[in-house]
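*Asks:* Below is the file protein09.pdb, with PDB, C-alpha atoms.
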MODEL        1
ATOM      1  CA  MET A   1      14.473  19.144   4.070
ATOM      2  CA  ALA A   2      14.269  20.184   7.710
ATOM      3  CA  MET A   3      13.584  17.401  10.175
ATOM      4  CA  SER A   4      13.044  18.028  13.895
ATOM      5  CA  THR A   5      15.628  16.922  16.465
ATOM      6  CA  GLY A   6      12.948  14.648  17.940
ATOM      7  CA  SER A   7      12.423  12.841  14.610
ATOM      8  CA  ARG A   8      16.161  12.397  14.120
ATOM      9  CA  ALA A   9      16.517  11.001  17.655
ATOM     10  CA  ALA A  10      13.575   8.613  17.087
ATOM     11  CA  ILE A  11      15.193   7.385  13.867
ATOM     12  CA  VAL A  12      18.567   6.738  15.552
ATOM     13  CA  ILE A  13      16.845   4.908  18.439
ATOM     14  CA  LEU A  14      14.791   2.725  16.043
ATOM     15  CA  ARG A  15      17.906   1.926  13.978
ATOM     16  CA  ALA A  16      19.879   1.029  17.125
ATOM     17  CA  LEU A  17      16.975  -1.141  18.295
ATOM     18  CA  SER A  18      16.798  -2.982  14.921
ATOM     19  CA  PHE A  19      20.541  -3.581  15.102
ATOM     20  CA  ILE A  20      20.357  -5.037  18.634
ATOM     21  CA  LEU A  21      17.262  -7.154  17.896
ATOM     22  CA  LEU A  22      18.802  -8.596  14.713
ATOM     23  CA  LEU A  23      21.990  -9.429  16.615
ATOM     24  CA  ILE A  24      19.987 -11.247  19.323
ATOM     25  CA  SER A  25      17.923 -13.094  16.696
ATOM     26  CA  LEU A  26      21.109 -14.125  14.878
ATOM     27  CA  ILE A  27      22.778 -15.485  18.028
ATOM     28  CA  VAL A  28      19.664 -17.314  19.230
ATOM     29  CA  LEU A  29      19.147 -18.991  15.833
ATOM     30  CA  THR A  30      22.760 -19.927  15.062
ATOM     31  CA  THR A  31      23.313 -21.504  18.490
ATOM     32  CA  ASN A  32      20.262 -23.715  18.021
ATOM     33  CA  THR A  33      21.478 -27.320  17.895
ATOM     34  CA  GLU A  34      20.112 -30.549  19.259
ATOM     35  CA  THR A  35      21.727 -33.961  19.648
ATOM     36  CA  LEU A  36      19.614 -36.945  18.665
ATOM     37  CA  TYR A  37      20.310 -40.468  19.908
ATOM     38  CA  VAL A  38      19.345 -42.920  17.176
ATOM     39  CA  ALA A  39      20.137 -46.568  17.951
ATOM     40  CA  PHE A  40      23.810 -46.471  19.071
ATOM     41  CA  ASP A  41      24.590 -43.378  17.113
ATOM     42  CA  THR A  42      24.230 -39.675  17.821
ATOM     43  CA  ILE A  43      23.140 -37.207  15.150
ATOM     44  CA  LYS A  44      23.647 -33.515  15.621
ATOM     45  CA  ILE A  45      20.720 -31.489  14.268
ATOM     46  CA  HIS A  46      21.689 -27.934  13.439
ATOM     47  CA  PHE A  47      19.386 -25.032  12.512
ATOM     48  CA  ASN A  48      20.639 -25.095   8.904
ATOM     49  CA  ASP A  49      19.333 -28.630   8.320
ATOM     50  CA  ILE A  50      15.964 -26.941   7.897
ATOM     51  CA  TYR A  51      15.581 -24.857   4.715
ATOM     52  CA  ALA A  52      13.183 -22.314   6.219
ATOM     53  CA  TYR A  53      15.746 -21.505   8.951
ATOM     54  CA  ARG A  54      18.405 -21.013   6.264
ATOM     55  CA  TYR A  55      16.198 -18.433   4.589
ATOM     56  CA  MET A  56      15.618 -16.876   8.010
ATOM     57  CA  ILE A  57      19.350 -16.566   8.640
ATOM     58  CA  SER A  58      19.902 -14.960   5.212
ATOM     59  CA  ALA A  59      17.182 -12.416   5.982
ATOM     60  CA  ILE A  60      18.721 -11.673   9.406
ATOM     61  CA  VAL A  61      22.267 -11.275   7.998
ATOM     62  CA  ILE A  62      21.167  -8.960   5.145
ATOM     63  CA  GLY A  63      19.020  -6.931   7.582
ATOM     64  CA  PHE A  64      21.915  -6.756  10.031
ATOM     65  CA  VAL A  65      24.402  -5.463   7.432
ATOM     66  CA  TYR A  66      21.825  -2.895   6.254
ATOM     67  CA  SER A  67      21.140  -1.768   9.842
ATOM     68  CA  VAL A  68      24.881  -1.291  10.477
ATOM     69  CA  ILE A  69      25.220   0.879   7.333
ATOM     70  CA  GLN A  70      22.118   2.905   8.201
ATOM     71  CA  LEU A  71      23.107   3.257  11.872
ATOM     72  CA  VAL A  72      26.478   4.706  10.864
ATOM     73  CA  LEU A  73      24.765   7.089   8.395
ATOM     74  CA  SER A  74      22.150   8.172  10.999
ATOM     75  CA  VAL A  75      24.745   8.812  13.710
ATOM     76  CA  CYS A  76      26.829  10.907  11.255
ATOM     77  CA  HIS A  77      23.687  12.754  10.209
ATOM     78  CA  ALA A  78      22.604  13.391  13.831
ATOM     79  CA  LEU A  79      26.098  14.618  14.796
ATOM     80  CA  LYS A  80      26.267  17.025  11.844
ATOM     81  CA  GLY A  81      22.925  18.327  13.127
ATOM     82  CA  HIS A  82      22.111  20.717  10.295
ATOM     83  CA  GLY A  83      19.154  18.593   9.323
ATOM     84  CA  HIS A  84      19.687  18.628   5.584
ATOM     85  CA  ARG A  85      19.677  15.250   3.900
ATOM     86  CA  GLY A  86      18.511  15.702   0.325
ATOM     87  CA  ASP A  87      15.766  13.861  -1.535
ATOM     88  CA  GLY A  88      18.144  11.122  -2.760
ATOM     89  CA  GLY A  89      18.978  10.145   0.833
ATOM     90  CA  LEU A  90      15.296  10.061   1.772
ATOM     91  CA  ARG A  91      14.469   7.919  -1.232
ATOM     92  CA  PHE A  92      17.287   5.522  -0.300
ATOM     93  CA  ASP A  93      15.928   5.353   3.273
ATOM     94  CA  PHE A  94      12.362   4.726   2.147
ATOM     95  CA  TYR A  95      13.045   2.018  -0.446
ATOM     96  CA  GLY A  96      15.826   0.464   1.659
ATOM     97  CA  ASP A  97      13.722   0.314   4.827
ATOM     98  CA  SER A  98      10.690  -1.018   2.925
ATOM     99  CA  ILE A  99      12.605  -3.784   1.158
ATOM    100  CA  ILE A 100      14.464  -4.803   4.323
ATOM    101  CA  ALA A 101      11.165  -4.761   6.249
ATOM    102  CA  TYR A 102       9.650  -7.156   3.668
ATOM    103  CA  LEU A 103      12.713  -9.380   3.959
ATOM    104  CA  LEU A 104      12.579  -9.485   7.774
ATOM    105  CA  ALA A 105       8.813 -10.093   7.756
ATOM    106  CA  THR A 106       9.156 -13.024   5.356
ATOM    107  CA  GLY A 107      12.098 -14.423   7.374
ATOM    108  CA  ALA A 108      10.046 -14.374  10.579
ATOM    109  CA  ALA A 109       6.997 -15.832   8.775
ATOM    110  CA  ALA A 110       9.024 -18.695   7.292
ATOM    111  CA  GLY A 111      10.482 -19.409  10.753
ATOM    112  CA  PHE A 112       7.119 -19.379  12.530
ATOM    113  CA  GLY A 113       5.467 -21.236   9.641
ATOM    114  CA  VAL A 114       7.833 -24.165   9.637
ATOM    115  CA  THR A 115       8.318 -24.587  13.392
ATOM    116  CA  LYS A 116       4.772 -25.524  14.414
ATOM    117  CA  ASP A 117       4.089 -28.000  11.591
ATOM    118  CA  LEU A 118       7.590 -29.478  11.557
ATOM    119  CA  LYS A 119       7.307 -30.420  15.219
ATOM    120  CA  THR A 120       4.107 -32.381  14.510
ATOM    121  CA  ALA A 121       5.607 -34.036  11.413
ATOM    122  CA  TYR A 122       8.852 -34.992  13.193
ATOM    123  CA  GLU A 123       6.875 -36.449  16.079
ATOM    124  CA  LEU A 124       4.952 -38.607  13.582
ATOM    125  CA  ALA A 125       8.346 -39.742  12.263
ATOM    126  CA  GLY A 126       9.394 -40.645  15.828
ATOM    127  CA  ILE A 127      12.007 -37.884  15.875
ATOM    128  CA  ASP A 128      11.805 -36.112  19.212
ATOM    129  CA  LEU A 129      13.949 -33.009  19.119
ATOM    130  CA  GLY A 130      12.606 -31.851  22.486
ATOM    131  CA  ASN A 131      10.884 -28.545  23.084
ATOM    132  CA  LYS A 132      14.141 -26.565  23.463
ATOM    133  CA  PHE A 133      14.977 -26.753  19.751
ATOM    134  CA  TYR A 134      11.557 -25.479  18.632
ATOM    135  CA  ASP A 135      11.299 -22.914  21.432
ATOM    136  CA  GLN A 136      14.677 -21.444  20.537
ATOM    137  CA  ALA A 137      13.651 -21.168  16.852
ATOM    138  CA  THR A 138      10.363 -19.501  17.874
ATOM    139  CA  ALA A 139      12.259 -17.106  20.167
ATOM    140  CA  SER A 140      14.573 -16.139  17.293
ATOM    141  CA  ALA A 141      11.591 -15.592  14.951
ATOM    142  CA  SER A 142       9.822 -13.482  17.614
ATOM    143  CA  VAL A 143      12.852 -11.200  18.048
ATOM    144  CA  LEU A 144      13.105 -10.985  14.240
ATOM    145  CA  LEU A 145       9.436  -9.919  14.145
ATOM    146  CA  LEU A 146      10.227  -7.073  16.576
ATOM    147  CA  ALA A 147      13.129  -5.981  14.331
ATOM    148  CA  PHE A 148      10.659  -6.011  11.419
ATOM    149  CA  PHE A 149       8.279  -3.699  13.341
ATOM    150  CA  CYS A 150      11.128  -1.218  13.968
ATOM    151  CA  THR A 151      12.117  -1.269  10.272
ATOM    152  CA  ALA A 152       8.500  -0.914   9.098
ATOM    153  CA  ILE A 153       8.043   2.154  11.367
ATOM    154  CA  LEU A 154      11.278   3.597   9.899
ATOM    155  CA  SER A 155       9.928   3.105   6.371
ATOM    156  CA  PHE A 156       6.677   4.876   7.367
ATOM    157  CA  ILE A 157       8.687   7.813   8.790
ATOM    158  CA  ALA A 158      10.741   7.972   5.561
ATOM    159  CA  ALA A 159       7.571   7.799   3.406
ATOM    160  CA  ASN A 160       6.223  10.916   5.077
ATOM    161  CA  GLY A 161       9.436  12.757   4.222
ATOM    162  CA  LEU A 162       9.434  11.846   0.523
ATOM    163  CA  PRO A 163       8.880  14.692  -1.923
ATOM    164  CA  LYS A 164       5.437  14.601  -3.508
ATOM    165  CA  TYR A 165       5.694  14.072  -7.226
ATOM    166  CA  VAL A 166       2.734  12.150  -8.625
TER
ATOM    167  CA  MET B 167      -3.616  16.536  -5.542
ATOM    168  CA  ALA B 168      -3.464  16.123  -9.289
ATOM    169  CA  MET B 169      -2.531  12.667 -10.548
ATOM    170  CA  SER B 170      -1.954  11.909 -14.224
ATOM    171  CA  THR B 171      -4.389   9.717 -16.165
ATOM    172  CA  GLY B 172      -1.494   7.276 -16.734
ATOM    173  CA  SER B 173      -0.866   6.899 -12.986
ATOM    174  CA  ARG B 174      -4.552   6.375 -12.313
ATOM    175  CA  ALA B 175      -4.772   3.726 -15.045
ATOM    176  CA  ALA B 176      -1.642   1.963 -13.669
ATOM    177  CA  ILE B 177      -3.205   1.921 -10.200
ATOM    178  CA  VAL B 178      -6.479   0.423 -11.463
ATOM    179  CA  ILE B 179      -4.568  -2.226 -13.470
ATOM    180  CA  LEU B 180      -2.377  -3.181 -10.472
ATOM    181  CA  ARG B 181      -5.436  -3.390  -8.210
ATOM    182  CA  ALA B 182      -7.291  -5.549 -10.749
ATOM    183  CA  LEU B 183      -4.213  -7.776 -11.063
ATOM    184  CA  SER B 184      -3.947  -8.176  -7.256
ATOM    185  CA  PHE B 185      -7.623  -9.091  -7.135
ATOM    186  CA  ILE B 186      -7.267 -11.748  -9.857
ATOM    187  CA  LEU B 187      -4.030 -13.183  -8.424
ATOM    188  CA  LEU B 188      -5.505 -13.425  -4.920
ATOM    189  CA  LEU B 189      -8.577 -15.166  -6.305
ATOM    190  CA  ILE B 190      -6.394 -17.717  -8.169
ATOM    191  CA  SER B 191      -4.218 -18.271  -5.076
ATOM    192  CA  LEU B 192      -7.355 -18.782  -2.950
ATOM    193  CA  ILE B 193      -8.859 -21.349  -5.338
ATOM    194  CA  VAL B 194      -5.574 -23.259  -5.804
ATOM    195  CA  LEU B 195      -4.984 -23.480  -2.045
ATOM    196  CA  THR B 196      -8.524 -24.336  -0.920
ATOM    197  CA  THR B 197      -8.908 -27.123  -3.487
ATOM    198  CA  ASN B 198      -5.688 -28.748  -2.285
ATOM    199  CA  THR B 199      -6.605 -32.104  -0.789
ATOM    200  CA  GLU B 200      -4.979 -35.513  -0.855
ATOM    201  CA  THR B 201      -6.303 -38.927   0.106
ATOM    202  CA  LEU B 202      -3.955 -41.138   2.092
ATOM    203  CA  TYR B 203      -4.323 -44.910   2.283
ATOM    204  CA  VAL B 204      -3.182 -46.058   5.711
ATOM    205  CA  ALA B 205      -3.638 -49.796   6.396
ATOM    206  CA  PHE B 206      -7.303 -50.427   5.422
ATOM    207  CA  ASP B 207      -8.363 -46.902   6.073
ATOM    208  CA  THR B 208      -8.333 -43.736   3.988
ATOM    209  CA  ILE B 209      -7.489 -40.361   5.521
ATOM    210  CA  LYS B 210      -8.295 -37.160   3.698
ATOM    211  CA  ILE B 211      -5.561 -34.563   4.126
ATOM    212  CA  HIS B 212      -6.817 -31.042   3.569
ATOM    213  CA  PHE B 213      -4.776 -27.849   3.308
ATOM    214  CA  ASN B 214      -6.082 -26.642   6.671
ATOM    215  CA  ASP B 215      -4.510 -29.566   8.528
ATOM    216  CA  ILE B 216      -1.290 -27.577   8.240
ATOM    217  CA  TYR B 217      -1.130 -24.441  10.389
ATOM    218  CA  ALA B 218       1.086 -22.462   7.995
ATOM    219  CA  TYR B 219      -1.491 -22.938   5.212
ATOM    220  CA  ARG B 220      -4.223 -21.715   7.561
ATOM    221  CA  TYR B 221      -2.255 -18.517   8.120
ATOM    222  CA  MET B 222      -1.754 -18.289   4.357
ATOM    223  CA  ILE B 223      -5.482 -18.561   3.712
ATOM    224  CA  SER B 224      -6.224 -15.837   6.301
ATOM    225  CA  ALA B 225      -3.704 -13.552   4.577
ATOM    226  CA  ILE B 226      -5.255 -14.273   1.156
ATOM    227  CA  VAL B 227      -8.825 -13.665   2.367
ATOM    228  CA  ILE B 228      -7.962 -10.370   4.120
ATOM    229  CA  GLY B 229      -5.952  -9.232   1.067
ATOM    230  CA  PHE B 230      -8.819 -10.229  -1.227
ATOM    231  CA  VAL B 231     -11.434  -8.259   0.738
ATOM    232  CA  TYR B 232      -9.086  -5.245   0.826
ATOM    233  CA  SER B 233      -8.455  -5.484  -2.929
ATOM    234  CA  VAL B 234     -12.199  -5.589  -3.640
ATOM    235  CA  ILE B 235     -12.760  -2.446  -1.523
ATOM    236  CA  GLN B 236      -9.828  -0.637  -3.177
ATOM    237  CA  LEU B 237     -10.792  -1.763  -6.669
ATOM    238  CA  VAL B 238     -14.292  -0.329  -6.233
ATOM    239  CA  LEU B 239     -12.810   2.937  -4.879
ATOM    240  CA  SER B 240     -10.257   3.170  -7.748
ATOM    241  CA  VAL B 241     -12.842   2.537 -10.427
ATOM    242  CA  CYS B 242     -15.125   5.210  -8.929
ATOM    243  CA  HIS B 243     -12.164   7.570  -8.715
ATOM    244  CA  ALA B 244     -11.092   6.897 -12.322
ATOM    245  CA  LEU B 245     -14.655   7.348 -13.585
ATOM    246  CA  LYS B 246     -15.095  10.664 -11.777
ATOM    247  CA  GLY B 247     -11.849  11.686 -13.471
ATOM    248  CA  HIS B 248     -11.300  15.039 -11.771
ATOM    249  CA  GLY B 249      -8.215  13.652 -10.103
ATOM    250  CA  HIS B 250      -8.820  15.040  -6.642
ATOM    251  CA  ARG B 251      -8.502  12.543  -3.858
ATOM    252  CA  GLY B 252      -7.382  14.393  -0.701
ATOM    253  CA  ASP B 253      -4.551  13.635   1.678
ATOM    254  CA  GLY B 254      -6.718  11.382   3.859
ATOM    255  CA  GLY B 255      -7.396   9.053   0.928
ATOM    256  CA  LEU B 256      -3.717   8.925   0.013
ATOM    257  CA  ARG B 257      -2.758   8.123   3.582
ATOM    258  CA  PHE B 258      -5.373   5.345   3.665
ATOM    259  CA  ASP B 259      -3.944   3.952   0.394
ATOM    260  CA  PHE B 260      -0.349   4.088   1.610
ATOM    261  CA  TYR B 261      -0.849   2.512   5.048
ATOM    262  CA  GLY B 262      -3.458   0.072   3.741
ATOM    263  CA  ASP B 263      -1.310  -1.100   0.825
ATOM    264  CA  SER B 264       1.790  -1.372   3.034
ATOM    265  CA  ILE B 265       0.073  -3.397   5.747
ATOM    266  CA  ILE B 266      -1.645  -5.688   3.225
ATOM    267  CA  ALA B 267       1.678  -6.114   1.372
ATOM    268  CA  TYR B 268       3.327  -7.220   4.652
ATOM    269  CA  LEU B 269       0.452  -9.624   5.263
ATOM    270  CA  LEU B 270       0.653 -11.151   1.746
ATOM    271  CA  ALA B 271       4.473 -11.404   1.938
ATOM    272  CA  THR B 272       4.318 -13.247   5.271
ATOM    273  CA  GLY B 273       1.552 -15.521   3.984
ATOM    274  CA  ALA B 274       3.629 -16.522   0.955
ATOM    275  CA  ALA B 275       6.760 -16.954   3.127
ATOM    276  CA  ALA B 276       4.943 -19.183   5.608
ATOM    277  CA  GLY B 277       3.614 -21.269   2.704
ATOM    278  CA  PHE B 278       6.978 -21.643   0.978
ATOM    279  CA  GLY B 279       8.745 -22.134   4.344
ATOM    280  CA  VAL B 280       6.605 -25.023   5.477
ATOM    281  CA  THR B 281       6.216 -26.883   2.154
ATOM    282  CA  LYS B 282       9.836 -27.843   1.491
ATOM    283  CA  ASP B 283      10.678 -29.007   5.032
ATOM    284  CA  LEU B 284       7.312 -30.638   5.676
ATOM    285  CA  LYS B 285       7.723 -32.866   2.635
ATOM    286  CA  THR B 286      11.067 -34.158   3.974
ATOM    287  CA  ALA B 287       9.665 -34.629   7.475
ATOM    288  CA  TYR B 288       6.539 -36.435   6.246
ATOM    289  CA  GLU B 289       8.661 -38.720   4.091
ATOM    290  CA  LEU B 290      10.711 -39.626   7.187
ATOM    291  CA  ALA B 291       7.406 -40.446   8.887
ATOM    292  CA  GLY B 292       6.463 -42.674   5.938
ATOM    293  CA  ILE B 293       3.632 -40.379   4.911
ATOM    294  CA  ASP B 294       3.751 -39.971   1.159
ATOM    295  CA  LEU B 295       1.365 -37.239   0.092
ATOM    296  CA  GLY B 296       2.674 -37.319  -3.485
ATOM    297  CA  ASN B 297       4.120 -34.336  -5.302
ATOM    298  CA  LYS B 298       0.729 -32.922  -6.337
ATOM    299  CA  PHE B 299      -0.149 -31.778  -2.816
ATOM    300  CA  TYR B 300       3.143 -29.912  -2.324
ATOM    301  CA  ASP B 301       3.238 -28.568  -5.888
ATOM    302  CA  GLN B 302      -0.247 -27.151  -5.550
ATOM    303  CA  ALA B 303       0.689 -25.437  -2.261
ATOM    304  CA  THR B 304       3.845 -24.013  -3.883
ATOM    305  CA  ALA B 305       1.799 -22.806  -6.867
ATOM    306  CA  SER B 306      -0.633 -21.024  -4.549
ATOM    307  CA  ALA B 307       2.263 -19.416  -2.616
ATOM    308  CA  SER B 308       3.897 -18.307  -5.908
ATOM    309  CA  VAL B 309       0.711 -16.610  -7.112
ATOM    310  CA  LEU B 310       0.374 -15.019  -3.656
ATOM    311  CA  LEU B 311       3.937 -13.692  -4.030
ATOM    312  CA  LEU B 312       2.966 -12.044  -7.344
ATOM    313  CA  ALA B 313      -0.047 -10.437  -5.629
ATOM    314  CA  PHE B 314       2.370  -9.171  -2.958
ATOM    315  CA  PHE B 315       4.584  -7.554  -5.638
ATOM    316  CA  CYS B 316       1.552  -5.728  -7.110
ATOM    317  CA  THR B 317       0.511  -4.476  -3.655
ATOM    318  CA  ALA B 318       4.082  -3.416  -2.751
ATOM    319  CA  ILE B 319       4.323  -1.392  -6.008
ATOM    320  CA  LEU B 320       0.955   0.221  -5.159
ATOM    321  CA  SER B 321       2.285   1.191  -1.715
ATOM    322  CA  PHE B 322       5.388   2.730  -3.358
ATOM    323  CA  ILE B 323       3.180   4.743  -5.741
ATOM    324  CA  ALA B 324       1.056   5.926  -2.791
ATOM    325  CA  ALA B 325       4.198   6.838  -0.777
ATOM    326  CA  ASN B 326       5.328   9.205  -3.509
ATOM    327  CA  GLY B 327       1.945  10.961  -3.371
ATOM    328  CA  LEU B 328       1.965  11.502   0.413
ATOM    329  CA  PRO B 329       2.232  15.099   1.590
ATOM    330  CA  LYS B 330       5.635  15.905   3.050
ATOM    331  CA  TYR B 331       5.358  16.815   6.692
ATOM    332  CA  VAL B 332       8.452  15.819   8.664
TER
ENDMDL
END
Go through the file and emit its structure as structure tokens.
*Replies:*
Amino acid sequence: MAMSTGSRAAIVILRALSFILLLISLIVLTTNTETLYVAFDTIKIHFNDIYAYRYMISAIVIGFVYSVIQLVLSVCHALKGHGHRGDGGLRFDFYGDSIIAYLLATGAAAGFGVTKDLKTAYELAGIDLGNKFYDQATASASVLLLAFFCTAILSFIAANGLPKYV
Amino acid sequence: MAMSTGSRAAIVILRALSFILLLISLIVLTTNTETLYVAFDTIKIHFNDIYAYRYMISAIVIGFVYSVIQLVLSVCHALKGHGHRGDGGLRFDFYGDSIIAYLLATGAAAGFGVTKDLKTAYELAGIDLGNKFYDQATASASVLLLAFFCTAILSFIAANGLPKYV
């Protein structure tokens, strides 16, 4: 199937962007810790004490590995330049991008979903983690949401290249 | 574009299933209330006191309205039976189903994400909502997840019917 040079360039740019955004999201989330002073003791709260953030990190890591594989494939494909990919490759792109997009979307949603309500609940419990902890989690979820948009656009591009069979 | 009778029947069944699942999820979530006894007072906790559940309900309602519209269109289309739908209709199905699938997936993720961690946080705050409240929210999110699977499959079917243009 012939694909224009412009389309191929757009795909490589979107894949590179997903890769960078997922890397940023990963770093921002994993470095999110807060030290609590309870009585004479200090407790270190880490992002993975919260289940929703653990799911978020799994989604980011799987998305990141997928984006590395796809980025390598796209660069190879762009360098070869003859524009032929085969229907199997397009099907892999479409289903891969769609499934990863769903994963990233749910990761971001779980992150956003828990942050707002957890802050209120922790405050009721007298646990003040400070705004930095929640803001950093929200920042990570926001960057993850951008990576989702890139992946969703990629799946839409791939869908339009699928052979028509129904 | 010609589509087999089997494909059309599968589409109508999946749309009907989405409709039913979204309706169940909506009822289970909106009837989720719990009465708390604090000192000499009673406080009624309703699902919409939690932001993530509010997002979930918006996702369910939008998905429900979309599924009603699509169900009516599919039934009309199946009854007419001449199998011609046009590329515009297929594009509407594909982008519509994809966007709604993302919405339902994020709704379910926000619901699951908040429930587990909120229970722990509320328990730390001494607020015991009982298992029923959380179980009912999880049940609603699970049914929503099933509705998401139906919609995602519909978007995959539509993708394979799109005209190839890149």
*Asks:* Find the residues near A:Ser155: any atom within 7 Å, counting all atoms listed in the file, skip ones fewer than 2 places away on the same chain, and give them as a ChimeraX atom specification.
*Replies:* /A:94,97-98,151-153,157-159
*Asks:* Those same residues, written as an mmCIF file, in the frame of the given file with C-alpha atoms?
*Replies:*
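Final output, selection_37.cif:
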data_model
loop_
_atom_site.group_PDB
_atom_site.id
_atom_site.type_symbol
_atom_site.label_atom_id
_atom_site.label_comp_id
_atom_site.auth_asym_id
_atom_site.auth_seq_id
_atom_site.Cartn_x
_atom_site.Cartn_y
_atom_site.Cartn_z
ATOM 1 C CA PHE A 94 12.362 4.726 2.147
ATOM 2 C CA ASP A 97 13.722 0.314 4.827
ATOM 3 C CA SER A 98 10.690 -1.018 2.925
ATOM 4 C CA THR A 151 12.117 -1.269 10.272
ATOM 5 C CA ALA A 152 8.500 -0.914 9.098
ATOM 6 C CA ILE A 153 8.043 2.154 11.367
ATOM 7 C CA ILE A 157 8.687 7.813 8.790
ATOM 8 C CA ALA A 158 10.741 7.972 5.561
ATOM 9 C CA ALA A 159 7.571 7.799 3.406
#
*Asks:* Residues of chain B near chain A: apply a cut-off of 9 Å, count all atoms listed in the file, and supply the list as an MDAnalysis selection string.
*Replies:* chainID B and resid 167:170 173 216:219 221 260:261 264 267:269 271:284 287:293 322:332
*Asks:* Might you spell out which residues the PyMOL selection byres ((chain A and resi 18-34) around 7) would select in the displayed file, as a VMD selection string?
*Replies:* chain A and resid 14 to 17 35 to 36 44 to 47 57 60 64 67 to 68 129 133 136 to 137 140 143 to 144 147 150 to 151
*Asks:* Find the distance between atom CA of B:Ala176 and atom CA of B:Leu320 and write it in Å to one decimal.
*Replies:*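 We find that atom CA of B:Ala176 and atom CA of B:Leu320 lie 9.1 Å from each other.
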*Asks:* Identify which of the residues B:Ile209, B:Leu237, B:Ala307, B:Leu256 lies closest to B:Ile177, counting all atoms listed in the file when measuring atom-to-atom distances.
*Replies:*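 So, comparing all the options, the nearest one is B:Leu237.
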*Asks:* What does the structure give for the distance between atom CA of B:Ile179 and atom CA of B:Ser240, in Å to one decimal?
*Replies:* 9.7 Å
*Asks:* Could you check how far atom CA of B:Gln236 sits from atom CA of B:Val178, in Å to one decimal?
*Replies:* 9.0 Å
